[in-house]
>>> print(open('protein_8.txt').read())   # compact mmCIF, C-alpha atoms
# COMPACT_ATOMS: atom_id res chain seq x y z
CA MET A 3 19.11 -3.06 -0.71
CA SER A 4 22.62 -4.03 0.28
CA ASP A 5 23.42 -0.33 0.65
CA PHE A 6 21.03 -0.17 3.60
CA ALA A 7 22.74 -3.10 5.24
CA THR A 8 26.20 -1.54 5.06
CA GLY A 9 25.08 1.86 6.33
CA ARG A 10 24.55 5.07 4.43
CA THR A 11 26.84 8.05 4.26
CA GLY A 12 25.68 11.63 3.87
CA TRP A 13 26.95 11.71 0.32
CA ASP A 14 25.14 8.49 -0.51
CA MET A 15 21.85 9.90 0.81
CA LEU A 16 22.45 13.13 -1.13
CA VAL A 17 23.16 11.57 -4.51
CA SER A 18 20.42 8.96 -4.11
CA SER A 19 17.84 11.72 -4.59
CA LYS A 20 18.11 13.74 -7.77
CA SER A 21 15.61 16.18 -6.35
CA LYS A 22 17.78 17.06 -3.36
CA LEU A 23 20.86 17.24 -5.52
CA PHE A 24 19.22 19.61 -7.93
CA ASN A 25 17.89 21.82 -5.12
CA LEU A 26 21.48 22.28 -4.00
CA ALA A 27 22.54 22.99 -7.58
CA ALA A 28 19.77 25.59 -7.92
CA ILE A 29 20.88 27.31 -4.72
CA ALA A 30 24.45 27.32 -6.01
CA VAL A 31 23.33 28.89 -9.30
CA ILE A 32 21.35 31.58 -7.48
CA LEU A 33 24.30 32.35 -5.22
CA MET A 34 26.58 32.67 -8.24
CA CYS A 35 24.08 34.98 -9.93
CA LEU A 36 23.93 37.08 -6.78
CA TYR A 37 27.72 37.19 -6.56
CA PHE A 38 28.07 38.53 -10.09
CA ALA A 39 25.05 40.79 -9.71
CA SER A 40 26.48 42.33 -6.54
CA LYS A 41 29.22 43.97 -8.63
CA TYR A 42 26.66 45.90 -10.67
CA MET A 43 23.65 46.23 -8.34
CA ASP A 44 23.00 47.79 -4.99
CA MET A 45 21.44 45.96 -2.05
CA GLU A 46 17.88 46.92 -2.92
CA GLN A 47 18.14 45.46 -6.40
CA ILE A 48 19.68 42.25 -5.10
CA GLU A 49 16.78 41.85 -2.68
CA ALA A 50 14.35 42.29 -5.58
CA LEU A 51 16.23 39.60 -7.51
CA ILE A 52 16.12 37.16 -4.56
CA ILE A 53 12.42 37.76 -3.92
CA GLY A 54 11.66 37.45 -7.62
CA ALA A 55 13.56 34.17 -7.92
CA LEU A 56 11.79 32.71 -4.88
CA LEU A 57 8.45 33.90 -6.24
CA GLY A 58 9.19 32.38 -9.63
CA TRP A 59 10.19 29.06 -8.06
CA LEU A 60 7.08 28.91 -5.86
CA LEU A 61 4.69 29.99 -8.61
CA THR A 62 6.13 27.54 -11.10
CA SER A 63 6.20 24.65 -8.66
CA ASN A 64 2.60 25.24 -7.62
CA LEU A 65 0.95 26.31 -10.86
CA MET A 66 2.91 24.23 -13.32
CA LYS A 67 3.24 21.03 -11.34
CA PRO A 68 1.91 18.28 -13.61
CA THR A 69 -0.99 16.10 -12.59
CA GLY A 70 -0.10 12.49 -12.07
CA ARG A 71 -0.53 9.42 -9.99
CA LEU A 72 1.22 7.69 -7.16
CA ILE A 73 2.66 4.20 -7.26
CA VAL A 74 3.04 2.56 -3.85
CA VAL A 75 5.63 -0.20 -4.02
CA MET A 76 5.75 -2.53 -1.05
CA ASP A 77 8.65 -4.90 -0.54
CA LEU A 78 7.33 -7.37 1.99
CA GLU A 79 10.66 -9.19 2.26
CA GLN A 80 12.65 -6.12 3.21
CA PHE A 81 9.75 -4.25 4.88
CA THR A 82 10.32 -1.18 2.78
CA ILE A 83 7.79 1.02 1.08
CA ARG A 84 8.37 3.35 -1.81
CA ILE A 85 6.00 5.99 -3.16
CA VAL A 86 6.71 7.21 -6.67
CA PHE A 87 5.00 10.10 -8.43
CA ILE A 88 4.52 9.67 -12.17
CA PRO A 89 3.06 12.47 -14.30
CA ASP A 90 0.10 11.49 -16.46
CA GLU A 91 1.89 12.12 -19.73
CA PHE A 92 4.58 9.59 -18.80
CA TYR A 93 2.34 7.01 -17.16
CA SER A 94 0.99 5.82 -20.51
CA LYS A 95 4.55 5.12 -21.66
CA PHE A 96 5.16 2.60 -18.88
CA ASN A 97 4.93 -1.11 -19.56
CA LYS A 98 2.53 -2.56 -17.05
CA ALA A 99 2.23 -6.14 -15.84
CA GLY A 100 -0.03 -7.80 -13.33
CA ASN A 101 -3.41 -6.96 -11.91
CA CYS A 102 -3.87 -3.21 -11.68
CA MET A 103 -5.57 -2.18 -8.45
CA CYS A 104 -6.37 1.53 -8.35
CA PHE A 105 -7.28 3.47 -5.22
CA THR A 106 -7.75 7.19 -4.83
CA SER A 107 -6.32 9.55 -2.27
CA ALA A 108 -8.46 11.96 -0.25
CA PHE A 109 -7.76 14.61 -2.91
CA GLY A 110 -8.71 12.32 -5.77
CA MET A 111 -5.23 11.38 -6.97
CA PRO A 112 -5.05 7.84 -8.34
CA VAL A 113 -2.91 5.58 -6.17
CA TYR A 114 -1.76 2.16 -7.35
CA LEU A 115 -0.37 -0.70 -5.32
CA ALA A 116 2.53 -2.32 -7.10
CA LYS A 117 4.91 -5.16 -6.50
CA SER A 118 7.89 -3.50 -8.13
CA ILE A 119 8.75 -0.59 -10.36
CA ASP A 120 11.68 -0.06 -12.71
CA LEU A 121 12.04 3.61 -13.57
CA GLU A 122 15.02 3.08 -15.86
CA ASN A 123 13.18 0.62 -18.12
CA ASN A 124 9.69 2.06 -17.47
CA ILE A 125 8.18 -1.14 -16.11
CA ILE A 126 5.53 -1.41 -13.39
CA ASP A 127 4.69 -4.84 -12.00
CA TYR A 128 1.45 -4.68 -10.10
CA GLY A 129 1.63 -8.32 -9.04
CA TRP A 130 -1.30 -10.66 -8.88
CA CYS A 131 -3.96 -11.11 -6.24
CA HIS A 132 -4.96 -14.45 -7.79
CA ASN A 133 -3.65 -16.84 -10.41
CA GLU A 134 -5.87 -15.68 -13.24
CA PRO A 135 -5.56 -12.30 -14.98
CA ILE A 136 -8.37 -9.87 -14.39
CA GLU A 137 -9.77 -10.11 -17.94
CA VAL A 138 -10.09 -13.89 -17.55
CA ALA A 139 -11.66 -13.54 -14.14
CA LEU A 140 -14.30 -11.17 -15.47
CA SER A 141 -15.07 -12.77 -18.81
CA ASP A 142 -14.50 -16.54 -18.59
CA ILE A 143 -17.58 -18.45 -17.36
CA GLU A 144 -15.49 -21.53 -16.53
CA PHE A 145 -13.28 -19.51 -14.26
CA PHE A 146 -16.37 -17.99 -12.65
CA ASN A 147 -17.95 -21.40 -12.02
CA LYS A 148 -14.68 -22.72 -10.62
CA TRP A 149 -14.35 -19.73 -8.35
CA TYR A 150 -18.02 -19.89 -7.30
CA GLY A 151 -17.78 -23.61 -6.48
CA LYS A 152 -14.71 -23.06 -4.37
CA TYR A 153 -16.41 -20.14 -2.66
CA CYS A 154 -19.49 -22.25 -1.80
CA THR A 155 -17.35 -25.13 -0.53
CA THR A 156 -15.38 -22.81 1.69
CA GLN A 157 -18.55 -21.27 3.07
CA GLN A 158 -19.98 -24.70 3.91
CA GLU A 159 -16.77 -25.72 5.63
CA ASN A 160 -16.81 -22.54 7.65
CA LEU A 161 -20.40 -23.16 8.73
CA ILE A 162 -19.60 -26.76 9.71
CA TRP A 163 -16.66 -25.76 11.83
CA ARG A 164 -18.57 -22.93 13.43
CA LYS A 165 -21.39 -25.31 14.39
CA ARG A 166 -18.99 -28.02 15.52
CA VAL A 167 -17.60 -25.82 18.28
CA ASP A 168 -21.09 -25.44 19.79
CA VAL A 169 -21.74 -29.18 19.66
CA MET A 170 -18.40 -30.02 21.26
CA ALA A 171 -19.04 -27.48 24.02
CA ALA A 172 -22.51 -28.97 24.64
CA GLU A 173 -21.07 -32.46 24.88
CA LEU A 174 -18.44 -31.38 27.37
CA ALA A 175 -21.07 -29.58 29.46
CA LYS A 176 -23.32 -32.66 29.41
CA CYS A 177 -20.44 -34.86 30.53
CA ALA A 178 -19.63 -32.51 33.41
CA VAL A 179 -23.27 -32.32 34.49
CA ASP A 180 -23.63 -36.12 34.37
CA GLN A 181 -20.53 -36.54 36.51
CA THR A 182 -21.80 -34.00 39.05
CA VAL A 183 -25.27 -35.57 39.19
CA LYS A 184 -23.70 -38.97 39.72
CA GLU A 185 -21.60 -37.68 42.63
CA TYR A 186 -24.72 -36.12 44.18
CA ASP A 187 -26.58 -39.43 43.79
CA ILE A 188 -23.82 -41.32 45.54
CA ALA A 189 -23.62 -38.75 48.31
CA LEU A 190 -27.37 -38.79 48.86
CA GLY A 191 -27.61 -42.59 48.59
CA LEU A 192 -29.91 -42.62 45.65
CA ASN A 193 -27.73 -45.17 43.83
CA ARG A 194 -29.28 -44.48 40.43
CA HIS A 195 -25.90 -45.16 38.80
CA GLU A 196 -24.79 -48.15 40.79
CA ASP A 197 -24.65 -50.30 37.68
CA SER A 198 -22.23 -47.87 35.98
CA SER A 199 -19.20 -47.27 38.18
CA GLU A 200 -17.21 -45.33 35.58
CA PRO A 201 -18.26 -41.89 34.39
CA VAL A 202 -19.75 -41.78 30.94
CA PRO A 203 -17.08 -40.56 28.53
CA PRO A 204 -18.10 -38.02 25.90
CA VAL A 205 -19.08 -39.57 22.63
CA PRO A 206 -16.96 -38.10 19.84
CA VAL A 207 -19.04 -36.73 17.04
CA SER A 208 -17.50 -37.33 13.64
CA ASP A 209 -19.44 -34.67 11.82
CA PRO A 210 -22.26 -33.06 13.80
CA ILE A 211 -23.68 -31.10 10.91
CA ILE A 212 -24.32 -34.17 8.81
CA ARG A 213 -26.37 -35.81 11.57
CA GLU A 214 -30.01 -36.13 10.78
CA GLY A 215 -32.35 -33.51 12.18
CA ASP A 216 -29.48 -31.08 12.78
CA SER A 217 -29.44 -29.32 9.45
CA ASP A 218 -29.76 -25.53 9.61
CA GLY A 219 -29.62 -24.70 5.95
CA VAL A 220 -25.96 -25.52 5.33
CA MET B 27 11.26 51.67 -9.34
CA SER B 28 10.88 50.31 -12.85
CA THR B 29 14.38 48.89 -12.60
CA LEU B 30 13.44 47.04 -9.45
CA ILE B 31 10.37 45.59 -11.10
CA LEU B 32 12.41 44.47 -14.07
CA ILE B 33 14.95 42.83 -11.79
CA ALA B 34 12.18 41.11 -9.84
CA LEU B 35 10.68 39.84 -13.08
CA ALA B 36 14.09 38.57 -14.09
CA GLY B 37 14.21 36.76 -10.76
CA VAL B 38 10.81 35.22 -11.47
CA VAL B 39 12.05 34.01 -14.83
CA LEU B 40 15.22 32.67 -13.22
CA GLY B 41 13.24 30.79 -10.54
CA SER B 42 10.83 29.29 -13.04
CA VAL B 43 13.66 28.25 -15.35
CA LEU B 44 15.45 26.57 -12.47
CA TYR B 45 12.30 24.72 -11.43
CA ARG B 46 11.63 23.50 -14.96
CA ALA B 47 15.25 22.41 -15.21
CA LYS B 48 14.84 20.52 -11.96
CA ARG B 49 11.77 18.74 -13.32
CA ALA B 50 13.66 17.81 -16.44
CA ALA B 51 16.69 16.61 -14.46
CA THR B 52 14.77 14.45 -12.02
CA GLY B 53 13.04 12.62 -14.85
CA PRO B 54 9.42 11.74 -15.46
CA ALA B 55 9.02 9.99 -12.12
CA GLU B 56 10.41 10.74 -8.71
CA ASP B 57 10.23 9.26 -5.23
CA VAL B 58 7.89 11.19 -2.96
CA ILE B 59 9.22 9.74 0.29
>>> encode(input="protein_8.txt", output="structure tokens")
Amino acid sequence: MSDFATGRTGWDMLVSSKSKLFNLAAIAVILMCLYFASKYMDMEQIEALIIGALLGWLLTSNLMKPTGRLIVVMDLEQFTIRIVFIPDEFYSKFNKAGNCMCFTSAFGMPVYLAKSIDLENNIIDYGWCHNEPIEVALSDIEFFNKWYGKYCTTQQENLIWRKRVDVMAAELAKCAVDQTVKEYDIALGLNRHEDSSEPVPPVPVSDPIIREGDSDGV
Amino acid sequence: MSTLILIALAGVVLGSVLYRAKRAATGPAEDVI
């Protein structure tokens, strides 16, 4: 990653991709073949050789391209993303760690999200979406009960806080209406609130859901 | 004409050999982007 920080030269970008480097090497080989062939062939034969080589490259790359899968590696610290193609025959040779999450592309190619990948040592780290491995999460009843209890608690807390906003808004509205009614009373001389000179402050509700008669199935 | 076809076939072989060599040189996995 430090290479990105110091800037990249053209040579650095070229040698960082073996694919690009080999494309240039292939073009060089073809040009050398054409150079030596030009001594013994006429122009028509050289054209046939060029067309044949292009045809062979295209046919081989399309018909003989191996099936495989994509590994999407996201580095959230550096905000970089890397997509690696691994043929099926080599994927089984990789050492895999973490919780494997498999998606599929629109064309049906398996796509995996990974935390890191080491192509030199054949290691894929998928990372973890939770603290327990997937086989424990699916097979251990204690883990399931622990997870289910936490899920229910969180749901109840969410319902309480969602209801609490409505109650607080109702209390504020009631306070405002009381204050307005009191001002109207004074202006009209009704004096219904002459014994209470101060406006009634809103009563803070500690936990509105727990109040009696206010349960809605939480 | 037959010479041209033979040369074209030689080109096909050359192109396919180069592509297979590229696959072998880039290794089992390669970056797509």
>>> atom_distance(input="protein_8.txt", atom1="CA of Ala108 in chain A", atom2="CA of Asp57 in chain B")
19.5 Å
>>> residues_around(input="protein_8.txt", residues="range 32-47 of chain B", least_positions_apart="5", cutoff="8 Å", atoms="all atoms listed in the file", output="list of chain:residue names")
A:Ala28, A:Gln47, A:Ala50, A:Leu51, A:Ile52, A:Ile53, A:Gly54, A:Ala55, A:Leu56, A:Leu57, A:Gly58, A:Trp59, A:Leu60, A:Leu61, A:Thr62, A:Ser63
>>> closest_residue(input="protein_8.txt", among="A:Val86, A:Ser21, A:Tyr93, A:Ile48", to="Leu33 in chain A", atoms="only C-alpha atoms")
A:Ile48
>>> residues_around(input="protein_8.txt", residues="Tyr128 in chain A", least_positions_apart="6", cutoff="6 Å", atoms="all atoms listed in the file", output="ChimeraX atom specification")
/A:99-102,116-117
>>> atom_distance(input="protein_8.txt", atom1="CA of Phe96 in chain A", atom2="CA of Asn123 in chain A")
8.3 Å
>>> atom_distance(input="protein_8.txt", atom1="CA of Glu144 in chain A", atom2="CA of Thr156 in chain A")
18.3 Å
>>> closest_residue(input="protein_8.txt", among="A:Trp130, A:Trp149, A:Trp163, A:Phe92", to="Ala55 in chain B", atoms="all atoms listed in the file")
A:Phe92
>>> closest_residue(input="protein_8.txt", among="A:Asn124, A:Asn147, A:Ser141, A:Gln157", to="chain B", atoms="only C-alpha atoms")
A:Asn124
>>> closest_residue(input="protein_8.txt", among="A:Phe146, A:Tyr186, A:Tyr114, A:Phe38", to="Met76 in chain A", atoms="all atoms listed in the file")
A:Tyr114
>>> residues_near_point(input="protein_8.txt", point="(7.6, -6.3, -8.1)", cutoff="8 Å", atoms="only C-alpha atoms", output="JSON list (two decimals) with C-alpha atoms, keeping the file's coordinate frame")
[["chain", "number", "residue", "atom", "x", "y", "z"],
["A", 75, "VAL", "CA", 5.63, -0.20, -4.02],
["A", 77, "ASP", "CA", 8.65, -4.90, -0.54],
["A", 116, "ALA", "CA", 2.53, -2.32, -7.10],
["A", 117, "LYS", "CA", 4.91, -5.16, -6.50],
["A", 118, "SER", "CA", 7.89, -3.50, -8.13],
["A", 119, "ILE", "CA", 8.75, -0.59, -10.36],
["A", 126, "ILE", "CA", 5.53, -1.41, -13.39],
["A", 127, "ASP", "CA", 4.69, -4.84, -12.00],
["A", 128, "TYR", "CA", 1.45, -4.68, -10.10],
["A", 129, "GLY", "CA", 1.63, -8.32, -9.04]]
>>> closest_residue(input="protein_8.txt", among="A:Ile85, A:Cys177, A:Ile73, A:Leu26", to="chain B", atoms="all atoms listed in the file")
A:Ile85
>>> build_atoms(input="protein_8.txt", residues="range 37-48 of chain B", atoms="N, CA and C atoms", output="PDB file, keeping the file's coordinate frame")
ATOM      1  N   GLY B  37      14.112  37.791 -11.796  1.00  0.00           N
ATOM      2  CA  GLY B  37      14.210  36.760 -10.760  1.00  0.00           C
ATOM      3  C   GLY B  37      13.128  35.716 -10.917  1.00  0.00           C
ATOM      4  N   VAL B  38      11.910  36.173 -11.260  1.00  0.00           N
ATOM      5  CA  VAL B  38      10.810  35.220 -11.470  1.00  0.00           C
ATOM      6  C   VAL B  38      11.144  34.269 -12.618  1.00  0.00           C
ATOM      7  N   VAL B  39      11.670  34.858 -13.692  1.00  0.00           N
ATOM      8  CA  VAL B  39      12.050  34.010 -14.830  1.00  0.00           C
ATOM      9  C   VAL B  39      13.151  33.035 -14.418  1.00  0.00           C
ATOM     10  N   LEU B  40      14.123  33.541 -13.657  1.00  0.00           N
ATOM     11  CA  LEU B  40      15.220  32.670 -13.220  1.00  0.00           C
ATOM     12  C   LEU B  40      14.694  31.517 -12.361  1.00  0.00           C
ATOM     13  N   GLY B  41      13.797  31.836 -11.414  1.00  0.00           N
ATOM     14  CA  GLY B  41      13.240  30.790 -10.540  1.00  0.00           C
ATOM     15  C   GLY B  41      12.453  29.762 -11.318  1.00  0.00           C
ATOM     16  N   SER B  42      11.637  30.238 -12.275  1.00  0.00           N
ATOM     17  CA  SER B  42      10.830  29.290 -13.040  1.00  0.00           C
ATOM     18  C   SER B  42      11.693  28.417 -13.934  1.00  0.00           C
ATOM     19  N   VAL B  43      12.747  29.036 -14.510  1.00  0.00           N
ATOM     20  CA  VAL B  43      13.660  28.250 -15.350  1.00  0.00           C
ATOM     21  C   VAL B  43      14.356  27.185 -14.528  1.00  0.00           C
ATOM     22  N   LEU B  44      14.773  27.552 -13.329  1.00  0.00           N
ATOM     23  CA  LEU B  44      15.450  26.570 -12.470  1.00  0.00           C
ATOM     24  C   LEU B  44      14.503  25.437 -12.087  1.00  0.00           C
ATOM     25  N   TYR B  45      13.237  25.781 -11.807  1.00  0.00           N
ATOM     26  CA  TYR B  45      12.300  24.720 -11.430  1.00  0.00           C
ATOM     27  C   TYR B  45      12.037  23.774 -12.602  1.00  0.00           C
ATOM     28  N   ARG B  46      11.875  24.355 -13.789  1.00  0.00           N
ATOM     29  CA  ARG B  46      11.630  23.500 -14.960  1.00  0.00           C
ATOM     30  C   ARG B  46      12.856  22.634 -15.251  1.00  0.00           C
ATOM     31  N   ALA B  47      14.041  23.205 -15.020  1.00  0.00           N
ATOM     32  CA  ALA B  47      15.250  22.410 -15.210  1.00  0.00           C
ATOM     33  C   ALA B  47      15.325  21.284 -14.195  1.00  0.00           C
ATOM     34  N   LYS B  48      14.855  21.569 -12.989  1.00  0.00           N
ATOM     35  CA  LYS B  48      14.840  20.520 -11.960  1.00  0.00           C
ATOM     36  C   LYS B  48      13.895  19.399 -12.375  1.00  0.00           C
TER      37      LYS B  48
END
